[in-house]
>>> print(open('data.txt').read())   # compact mmCIF, C-alpha atoms
# COMPACT_ATOMS: atom_id res chain seq x y z
CA MET A 419 -48.51 -161.59 85.21
CA ASN A 420 -47.71 -164.31 87.70
CA GLU A 421 -44.93 -166.90 87.36
CA SER A 422 -47.25 -169.80 86.45
CA THR A 423 -48.74 -167.78 83.56
CA LEU A 424 -45.28 -166.93 82.28
CA ILE A 425 -44.35 -170.63 82.43
CA ALA A 426 -47.54 -171.56 80.54
CA LEU A 427 -46.60 -169.06 77.81
CA LYS A 428 -43.06 -170.40 77.65
CA VAL A 429 -44.40 -173.96 77.38
CA LEU A 430 -46.58 -172.86 74.46
CA VAL A 431 -43.50 -171.53 72.66
CA GLU A 432 -41.21 -174.37 73.68
CA ARG A 433 -43.60 -177.03 72.34
CA ALA A 434 -43.07 -175.50 68.91
CA VAL A 435 -39.35 -174.74 69.17
CA ARG A 436 -37.79 -177.65 71.07
CA PRO A 437 -38.34 -180.28 68.33
CA VAL A 438 -36.82 -178.02 65.65
CA ARG A 439 -33.41 -179.28 64.54
CA ALA A 440 -31.44 -176.05 64.59
CA ALA A 441 -28.42 -174.48 66.26
CA LEU A 442 -28.93 -173.28 69.83
CA ARG A 443 -28.50 -169.63 68.87
CA ASN A 444 -31.15 -169.93 66.18
CA LYS A 445 -33.58 -171.66 68.54
CA GLN A 446 -32.95 -169.09 71.24
CA LYS A 447 -33.85 -166.35 68.75
CA MET A 448 -37.14 -168.14 67.95
CA ARG A 449 -37.90 -168.64 71.65
CA GLU A 450 -37.29 -165.08 72.73
CA GLU A 451 -39.10 -163.50 69.81
CA MET A 452 -42.16 -165.74 70.07
CA LEU A 453 -42.25 -165.41 73.86
CA ALA A 454 -42.37 -161.63 73.43
CA HIS A 455 -45.23 -162.16 70.98
CA VAL A 456 -47.38 -164.49 73.10
CA THR A 457 -46.76 -162.35 76.19
CA ALA A 458 -48.02 -159.26 74.37
CA VAL A 459 -51.02 -161.21 73.03
CA PHE A 460 -51.79 -162.48 76.53
CA GLU A 461 -51.67 -158.92 77.90
CA GLN A 462 -54.06 -157.78 75.13
CA GLU A 463 -56.48 -160.60 75.89
CA LEU A 464 -56.26 -160.08 79.63
CA ALA A 465 -57.09 -156.38 79.19
CA GLU A 466 -60.25 -157.42 77.32
CA THR A 467 -61.43 -160.32 79.48
CA ASP A 468 -59.85 -159.68 82.90
CA ASP A 469 -59.68 -163.48 83.24
CA GLU A 470 -56.18 -165.05 83.18
CA ALA A 471 -57.34 -168.55 82.23
CA ALA A 472 -59.51 -167.27 79.37
CA ALA A 473 -56.73 -164.97 78.19
CA LEU A 474 -54.29 -167.89 78.18
CA THR A 475 -56.68 -170.03 76.16
CA ARG A 476 -57.24 -167.24 73.63
CA THR A 477 -53.48 -166.70 73.36
CA ALA A 478 -52.95 -170.39 72.55
CA GLU A 479 -55.77 -170.29 69.98
CA ARG A 480 -54.32 -167.23 68.28
CA PHE A 481 -50.78 -168.66 68.31
CA GLY A 482 -51.78 -171.90 66.57
CA ASP A 483 -50.88 -175.59 66.82
CA PRO A 484 -47.24 -175.91 68.03
CA ALA A 485 -46.72 -179.18 66.11
CA GLU A 486 -47.67 -177.47 62.86
CA LEU A 487 -45.49 -174.51 63.73
CA THR A 488 -42.53 -176.84 64.37
CA LEU A 489 -42.80 -178.10 60.78
CA GLN A 490 -42.97 -174.56 59.46
CA LEU A 491 -40.01 -173.43 61.56
CA GLN A 492 -37.96 -176.41 60.41
CA THR A 493 -38.30 -175.29 56.80
CA THR A 494 -36.67 -171.96 57.72
CA VAL A 495 -33.47 -173.55 59.06
CA PRO A 496 -30.73 -172.97 56.46
CA LEU A 497 -28.20 -175.64 55.46
CA ARG A 498 -25.31 -173.69 57.00
CA ASP A 499 -27.03 -174.10 60.36
CA GLY A 500 -25.75 -177.72 60.31
CA PHE A 501 -22.20 -176.43 60.90
CA ASP A 502 -23.37 -174.34 63.86
CA ARG A 503 -25.13 -177.39 65.30
CA LEU A 504 -21.90 -179.36 65.02
CA LEU A 505 -20.04 -176.59 66.86
CA ASP A 506 -22.78 -176.58 69.52
CA ARG A 507 -22.25 -180.29 70.12
CA VAL A 508 -18.50 -179.86 70.37
CA TRP A 509 -18.55 -176.79 72.59
CA PHE A 510 -21.58 -177.08 74.86
CA ARG A 511 -23.04 -180.30 76.25
CA PRO A 512 -25.40 -179.48 79.11
CA GLY A 513 -24.65 -181.40 82.31
CA GLU A 514 -21.17 -182.51 81.20
CA PRO A 515 -18.64 -182.51 84.11
CA THR A 516 -15.97 -179.81 83.83
CA LEU A 517 -13.06 -182.30 83.81
CA ARG A 518 -14.58 -184.26 80.95
CA ARG A 519 -15.31 -181.08 78.97
CA ALA A 520 -11.78 -179.79 79.61
CA VAL A 521 -10.15 -183.05 78.49
CA ARG A 522 -12.45 -183.31 75.45
CA HIS A 523 -11.65 -179.76 74.34
CA ALA A 524 -7.92 -180.28 75.00
CA LEU A 525 -7.82 -183.52 73.00
CA LEU A 526 -9.77 -181.94 70.17
CA LEU A 527 -7.41 -178.97 70.00
CA ASP A 528 -4.40 -181.31 70.23
CA GLY A 529 -5.83 -183.34 67.35
CA LEU A 530 -6.22 -180.22 65.21
CA VAL A 531 -2.73 -178.93 66.07
CA PHE A 532 -1.21 -182.36 65.43
CA ALA A 533 -2.90 -182.56 62.03
CA TYR A 534 -1.66 -179.04 61.20
CA MET A 535 1.92 -179.82 62.30
CA ALA A 536 1.95 -183.14 60.45
CA ALA A 537 0.75 -181.41 57.29
CA MET A 538 3.32 -178.64 57.72
CA PHE A 539 6.18 -181.11 58.25
CA ALA A 540 5.01 -183.21 55.29
CA VAL A 541 4.94 -180.18 53.01
CA LEU A 542 8.37 -178.96 54.21
CA TYR A 543 9.82 -182.43 53.77
CA GLY A 544 8.21 -182.81 50.36
CA VAL A 545 9.47 -179.44 49.11
CA ALA A 546 12.95 -179.34 50.67
CA GLY A 547 13.65 -183.06 51.14
CA ASP A 548 14.47 -182.47 54.79
CA LEU A 549 13.24 -180.42 57.76
CA PHE A 550 14.79 -177.01 58.42
CA GLY A 551 17.87 -177.80 56.33
CA GLY A 552 18.55 -180.97 58.29
CA ARG A 553 18.86 -178.98 61.54
CA LEU A 554 15.87 -180.78 63.07
CA PRO A 555 16.52 -184.52 63.44
CA ALA A 556 13.58 -186.90 63.72
CA ALA A 557 14.03 -187.46 67.47
CA ALA A 558 14.06 -183.71 68.15
CA MET A 559 10.97 -183.30 65.98
CA VAL A 560 9.08 -185.88 68.06
CA VAL A 561 10.17 -184.18 71.31
CA TYR A 562 9.18 -180.76 69.94
CA THR A 563 5.76 -181.97 68.75
CA THR A 564 5.06 -183.80 72.02
CA SER A 565 6.04 -180.72 74.06
CA VAL A 566 3.71 -178.52 72.04
CA LEU A 567 0.81 -180.98 72.33
CA LEU A 568 1.32 -181.50 76.08
CA GLY A 569 1.64 -177.76 76.64
CA MET A 570 -1.59 -177.11 74.75
CA PHE A 571 -3.34 -179.92 76.61
CA PHE A 572 -2.49 -178.49 80.04
CA PHE A 573 -3.23 -174.96 78.87
CA VAL A 574 -6.74 -175.88 77.67
CA VAL A 575 -7.51 -177.93 80.79
CA GLY A 576 -6.30 -175.12 83.07
CA PHE A 577 -8.09 -172.49 81.02
CA THR A 578 -11.38 -174.42 81.09
CA PHE A 579 -11.27 -174.92 84.86
CA LEU A 580 -10.41 -171.27 85.52
CA ALA A 581 -13.30 -170.12 83.31
CA GLU A 582 -15.68 -172.54 85.05
CA TRP A 583 -14.58 -171.34 88.50
CA LEU A 584 -15.01 -167.74 87.44
CA ARG A 585 -18.49 -168.55 86.12
CA GLN A 586 -19.42 -170.17 89.44
CA VAL A 587 -18.02 -167.22 91.44
CA LEU A 588 -19.95 -164.69 89.37
CA ASP A 589 -23.06 -166.89 89.44
CA THR A 590 -23.23 -167.49 93.19
CA ARG A 591 -21.67 -164.15 94.27
CA THR A 592 -20.97 -165.40 97.80
CA GLY A 593 -17.92 -164.99 100.04
CA ARG A 594 -16.09 -161.96 98.56
CA PRO A 595 -16.65 -162.85 94.86
CA TRP A 596 -14.50 -160.01 93.51
CA LEU A 597 -11.48 -161.20 95.48
CA LYS A 598 -12.01 -164.72 94.11
CA ALA A 599 -12.46 -163.33 90.59
CA LEU A 600 -9.25 -161.34 90.98
CA LEU A 601 -7.34 -164.43 92.14
CA ILE A 602 -8.66 -166.38 89.15
CA ALA A 603 -7.60 -163.56 86.81
CA VAL A 604 -4.10 -163.55 88.34
CA ALA A 605 -3.90 -167.35 88.09
CA SER A 606 -5.00 -167.24 84.44
CA SER A 607 -2.40 -164.59 83.62
CA LEU A 608 0.26 -167.00 84.94
CA LEU A 609 -0.97 -169.88 82.77
CA VAL A 610 1.18 -169.13 79.71
CA PRO A 611 4.32 -168.04 81.63
CA GLY A 612 3.92 -171.15 83.82
CA LEU A 613 3.89 -173.41 80.78
CA GLY A 614 6.86 -171.51 79.36
CA PHE A 615 8.71 -172.09 82.63
CA ALA A 616 7.89 -175.81 82.53
CA LEU A 617 9.24 -176.03 78.97
CA TRP A 618 12.38 -174.13 80.09
CA LEU A 619 12.87 -176.62 82.93
CA ASP A 620 12.49 -179.34 80.31
CA GLY A 621 15.45 -177.88 78.43
CA ALA A 622 13.79 -175.54 75.92
CA GLN A 623 15.93 -172.61 74.75
CA VAL A 624 14.33 -169.30 75.78
CA ASN A 625 15.52 -165.85 74.69
CA VAL A 626 14.29 -162.34 75.49
CA PRO A 627 11.84 -161.94 72.53
CA ASP A 628 10.30 -165.31 73.47
CA LEU A 629 9.84 -164.09 77.05
CA LEU A 630 8.14 -160.91 75.86
CA VAL A 631 5.71 -162.95 73.75
CA VAL A 632 5.03 -165.28 76.69
CA PHE A 633 4.23 -162.39 79.04
CA ALA A 634 2.11 -160.60 76.43
CA LEU A 635 0.07 -163.78 75.95
CA GLY A 636 -0.20 -164.06 79.73
CA LEU A 637 -1.87 -160.66 79.85
CA VAL A 638 -4.41 -161.64 77.17
CA VAL A 639 -5.51 -164.87 78.87
CA PRO A 640 -7.57 -163.28 81.73
CA GLY A 641 -9.68 -161.49 79.10
CA MET A 642 -10.22 -164.80 77.33
CA VAL A 643 -11.19 -166.49 80.61
CA VAL A 644 -13.73 -163.75 81.39
CA HIS A 645 -15.16 -164.03 77.88
CA LEU A 646 -15.52 -167.82 78.13
CA ALA A 647 -17.05 -167.59 81.64
CA LYS A 648 -19.65 -165.09 80.39
CA ALA A 649 -20.46 -167.18 77.32
CA LEU A 650 -20.85 -170.28 79.49
CA ALA A 651 -23.06 -168.43 81.98
CA THR A 652 -25.36 -167.21 79.18
CA ARG A 653 -25.61 -170.66 77.61
CA LEU A 654 -26.34 -172.35 80.94
CA HIS A 655 -28.90 -169.72 81.91
CA ASP A 656 -30.73 -170.10 78.57
CA HIS A 657 -30.53 -173.87 78.77
CA HIS A 658 -31.90 -174.12 82.33
CA GLU A 659 -34.64 -171.59 81.60
CA TRP A 660 -36.08 -173.59 78.69
CA ALA A 661 -34.95 -177.19 79.25
CA SER A 662 -36.65 -177.35 82.65
CA LEU A 663 -40.11 -176.54 81.26
CA PRO A 664 -42.63 -179.37 81.76
CA LEU A 665 -43.82 -180.03 78.20
CA ASP A 666 -45.68 -183.25 79.00
CA GLY A 667 -48.44 -181.47 80.94
CA PRO A 668 -51.95 -180.84 79.56
CA SER A 669 -52.05 -178.82 76.33
CA LEU A 670 -54.04 -175.68 75.76
CA LYS A 671 -56.50 -175.70 72.84
CA TYR A 672 -55.16 -174.26 69.60
CA MET B 44 -74.60 -160.74 54.03
CA GLY B 45 -71.08 -160.35 55.60
CA MET B 46 -67.97 -161.65 53.87
CA GLU B 47 -66.53 -165.01 54.98
CA PRO B 48 -63.15 -164.79 56.77
CA ILE B 49 -60.07 -165.87 54.82
CA GLN B 50 -58.24 -168.69 56.63
CA GLY B 51 -54.49 -169.21 56.82
CA ASP B 52 -54.50 -172.07 54.27
CA GLN B 53 -55.96 -169.76 51.61
CA LEU B 54 -53.18 -167.27 52.25
CA ARG B 55 -50.43 -169.77 51.49
CA GLY B 56 -48.11 -168.41 48.85
CA HIS B 57 -49.23 -164.84 49.44
CA LEU B 58 -48.36 -164.30 53.08
CA GLU B 59 -44.76 -163.30 52.44
CA THR B 60 -45.70 -160.69 49.84
CA MET B 61 -48.37 -159.33 52.16
CA ILE B 62 -45.82 -159.04 54.97
CA LEU B 63 -43.49 -157.10 52.66
CA SER B 64 -46.39 -154.86 51.80
CA THR B 65 -47.03 -154.03 55.47
CA LEU B 66 -43.35 -153.22 55.96
CA GLU B 67 -43.55 -150.69 53.14
CA ARG B 68 -45.27 -148.48 55.72
CA GLY B 69 -42.21 -148.61 57.96
CA GLU B 70 -40.35 -150.98 60.25
CA ALA B 71 -42.40 -153.11 62.63
CA HIS B 72 -42.28 -156.03 65.05
CA GLY B 73 -44.36 -159.20 64.57
CA LEU B 74 -47.47 -158.11 66.42
CA GLU B 75 -47.53 -154.78 64.61
CA ILE B 76 -47.19 -156.57 61.25
CA LEU B 77 -50.22 -158.69 62.19
CA ARG B 78 -52.14 -155.57 63.21
CA ARG B 79 -51.39 -153.94 59.85
CA LEU B 80 -52.43 -157.12 58.01
CA ASP B 81 -55.64 -157.25 60.00
CA GLU B 82 -56.35 -153.58 59.34
CA ALA B 83 -55.64 -153.88 55.60
CA GLY B 84 -57.73 -157.05 55.39
CA CYS B 85 -60.66 -155.39 57.19
CA GLY B 86 -60.47 -158.06 59.91
CA LEU B 87 -61.19 -160.87 57.45
CA LEU B 88 -57.73 -162.48 57.52
CA HIS B 89 -57.71 -165.33 60.02
CA LEU B 90 -54.07 -166.27 60.40
CA LYS B 91 -52.58 -168.39 63.16
CA GLU B 92 -50.18 -165.85 64.57
CA GLY B 93 -47.30 -168.27 65.12
CA SER B 94 -47.17 -168.80 61.34
CA LEU B 95 -45.98 -165.23 60.91
CA TYR B 96 -42.53 -166.06 62.27
CA PRO B 97 -41.53 -168.84 59.84
CA ALA B 98 -42.57 -166.47 57.04
CA LEU B 99 -40.46 -163.67 58.53
CA TYR B 100 -37.46 -166.00 58.92
CA ARG B 101 -37.78 -167.07 55.28
CA LEU B 102 -37.93 -163.45 54.17
CA GLU B 103 -34.92 -162.65 56.34
CA GLY B 104 -33.00 -165.65 54.98
CA ALA B 105 -33.73 -164.49 51.43
CA GLY B 106 -32.49 -160.98 52.25
CA ASN B 107 -35.90 -159.39 51.70
CA VAL B 108 -36.10 -158.05 55.24
CA GLU B 109 -33.57 -157.16 57.91
CA ALA B 110 -34.20 -157.61 61.60
CA ALA B 111 -32.69 -156.11 64.74
CA TRP B 112 -33.47 -156.81 68.37
CA GLU B 113 -35.08 -153.93 70.19
CA GLU B 114 -32.79 -152.59 72.86
CA GLN B 115 -35.15 -153.02 75.80
CA SER B 116 -38.06 -155.27 76.52
CA HIS B 117 -41.18 -153.24 77.29
CA GLY B 118 -42.59 -154.98 80.34
CA ARG B 119 -42.69 -158.42 78.73
CA ARG B 120 -40.61 -160.17 81.38
CA GLY B 121 -37.28 -159.98 79.60
CA ALA B 122 -38.30 -161.21 76.13
CA ARG B 123 -37.34 -158.76 73.41
CA ARG B 124 -39.01 -158.21 70.06
CA ARG B 125 -37.24 -158.09 66.74
CA ILE B 126 -37.93 -155.13 64.53
CA TYR B 127 -38.16 -155.89 60.81
CA GLN B 128 -37.59 -153.55 57.92
CA LEU B 129 -37.76 -153.90 54.19
CA THR B 130 -34.50 -154.14 52.22
CA ARG B 131 -33.91 -152.95 48.66
CA LYS B 132 -34.17 -156.56 47.53
CA GLY B 133 -37.43 -156.84 49.46
CA LYS B 134 -38.85 -153.82 47.66
CA GLU B 135 -37.99 -155.40 44.31
CA HIS B 136 -39.53 -158.68 45.45
CA LEU B 137 -42.69 -156.85 46.52
CA ALA B 138 -42.99 -155.11 43.15
CA GLN B 139 -42.55 -158.46 41.43
CA GLY B 140 -45.16 -160.06 43.73
CA ARG B 141 -47.65 -157.31 42.92
CA ALA B 142 -47.12 -157.73 39.17
CA GLU B 143 -47.61 -161.50 39.45
CA TRP B 144 -50.79 -160.98 41.46
CA GLN B 145 -52.18 -158.56 38.86
CA ARG B 146 -51.48 -161.07 36.12
CA PHE B 147 -53.08 -163.88 38.15
CA VAL B 148 -56.21 -161.83 38.89
CA THR B 149 -56.52 -160.75 35.26
CA VAL B 150 -56.16 -164.27 33.87
CA VAL B 151 -58.17 -166.21 36.46
CA GLY B 152 -60.75 -163.42 36.84
CA GLY B 153 -61.25 -163.44 33.07
CA ILE B 154 -61.77 -167.20 33.07
CA LEU B 155 -64.21 -167.08 35.98
CA GLY B 156 -66.00 -164.08 34.55
CA ALA B 157 -65.33 -162.18 37.75
CA SER B 158 -62.79 -159.49 36.96
CA ALA B 159 -61.52 -157.44 39.88
>>> encode(input="data.txt", output="structure tokens")
Amino acid sequence: MNESTLIALKVLVERAVRPVRAALRNKQKMREEMLAHVTAVFEQELAETDDEAAALTRTAERFGDPAELTLQLQTTVPLRDGFDRLLDRVWFRPGEPTLRRAVRHALLLDGLVFAYMAAMFAVLYGVAGDLFGGRLPAAAMVVYTTSVLLGMFFFVVGFTFLAEWLRQVLDTRTGRPWLKALLIAVASSLLVPGLGFALWLDGAQVNVPDLLVVFALGLVVPGMVVHLAKALATRLHDHHEWASLPLDGPSLKY
Amino acid sequence: MGMEPIQGDQLRGHLETMILSTLERGEAHGLEILRRLDEAGCGLLHLKEGSLYPALYRLEGAGNVEAAWEEQSHGRRGARRRIYQLTRKGKEHLAQGRAEWQRFVTVVGGILGASA
């Protein structure tokens, strides 16, 4: 099968799947499964006719009208898929610059952490009438909260950039990629200790158990960076493969 | 005189039970399910093949079938098939579908004077 035939088969599937309002993972499942189907049908038809164009036409006829199939597929999307779609929009926006994505994710996480801390302080204050037995004055609480939020912000931004660089290194595989990947892993392992050091310079009290936790977290971060880089690479690959298909060309008969 | 083919519209409401019935013979991917339907229908079922997948997804969502990706694609340029198999709930649903069909045929056949 040549590349143009494969693209024609993908277009047939994508005309049905792209308009479906569903989470990316769900749509990717539909795409891959139906592509496997139309490819097998095409191979059957080609074996009978030995004519690629005729086999393609027969495949489209057997598959059915994509617009009708879109409606049928839409009815299979469960309500809980709406939550996955929301997560898709938060986590993956194709074409978004890395800095913008990093800042957006950092602000979102800061917002969640701030809401959690505010709720925790409110509950503690409501139950005990003060915070930590009066040992945490309001000014110190503001400094503590701000330090945590700033630390998380820089962590998420750094983490996002390191994962993106690793993805690019593994994607292009030029100029000693494994050395670059190793450097990124080392840099990512220093992310948490680096932030801890910055907080220490800022006057935070650090003891030995805290240091052990900081270094343990530092060892976990490279694994997280690799995981994120791989997830990003898969998403981008899937997105480019299907989003670049020319759907506005002439349709096959159904 | 040969029998007229049965089009997809006439199958509405029965397709899912028929799919469950084909899976009673063992797990299968979409194309194999269609082949079994075609074989059991003596080639008279004319179904648009894309319509099989929404029906399979509904059955999967209802817990009547389970699906797993095949481990390797067999020469289909990277696209993998999903292999479907009947669940216990699906078997119960199939038995219920068969009983409903029997009742329908008995009642409507009796009215039309054309018992099965």
>>> closest_atom_pairs(input="data.txt", of="chain A", to="chain B", cutoff="9 Å", atoms="all atoms listed in the file", output="tab-separated table")
residue	atom	partner	partner_atom	distance
A:Met419	CA	B:Arg120	CA	8.9
A:Leu424	CA	B:Arg120	CA	8.3
A:Met448	CA	B:Tyr96	CA	8.1
A:Arg449	CA	B:Ala122	CA	8.7
A:Glu450	CA	B:Ala122	CA	5.2
A:Glu451	CA	B:Arg124	CA	5.3
A:Met452	CA	B:Gly93	CA	7.6
A:Leu453	CA	B:Ala122	CA	6.2
A:Ala454	CA	B:Ala122	CA	4.9
A:His455	CA	B:Leu74	CA	6.5
A:Val456	CA	B:Gly93	CA	8.8
A:Thr457	CA	B:Arg119	CA	6.2
A:Ala458	CA	B:Arg119	CA	6.9
A:Val459	CA	B:Leu74	CA	8.1
A:Glu479	CA	B:Lys91	CA	7.8
A:Arg480	CA	B:Lys91	CA	5.5
A:Phe481	CA	B:Glu92	CA	4.7
A:Gly482	CA	B:Lys91	CA	5.0
A:Asp483	CA	B:Lys91	CA	8.3
A:Pro484	CA	B:Gly93	CA	8.2
A:Glu486	CA	B:Ser94	CA	8.8
A:Leu487	CA	B:Ser94	CA	6.4
A:Gln490	CA	B:Pro97	CA	5.9
A:Leu491	CA	B:Pro97	CA	5.1
A:Gln492	CA	B:Pro97	CA	8.4
A:Thr493	CA	B:Pro97	CA	7.8
A:Thr494	CA	B:Arg101	CA	5.6
A:Val495	CA	B:Tyr100	CA	8.5
A:Pro496	CA	B:Gly104	CA	7.8
>>> residues_around(input="data.txt", residues="Ala83 in chain B", least_positions_apart="5", cutoff="10 Å", atoms="all atoms listed in the file", output="MDAnalysis selection string")
chainID B and resid 61 65 77:78 88
>>> atom_distance(input="data.txt", atom1="CA of Asp666 in chain A", atom2="CA of Pro515 in chain A")
27.5 Å
>>> closest_residue(input="data.txt", among="A:Arg436, A:Phe539, A:Leu617, A:Leu663", to="Ser422 in chain A", atoms="only C-alpha atoms")
A:Leu663
>>> atom_distance(input="data.txt", atom1="CA of Leu601 in chain A", atom2="CA of Val643 in chain A")
12.3 Å
>>> atom_distance(input="data.txt", atom1="CA of Leu542 in chain A", atom2="CA of Thr563 in chain A")
15.1 Å
>>> residues_around(input="data.txt", residues="Glu70 in chain B", least_positions_apart="3", cutoff="7 Å", atoms="only C-alpha atoms", output="ChimeraX atom specification")
/B:66,126-128
>>> closest_residue(input="data.txt", among="A:Trp660, A:Phe571, A:Phe532, A:Trp596", to="Ile425 in chain A", atoms="all atoms listed in the file")
A:Trp660
>>> residues_around(input="data.txt", residues="Gly133 in chain B", least_positions_apart="6", cutoff="8 Å", atoms="all atoms listed in the file", output="NGL selection string")
:B and (63 or 106-108)
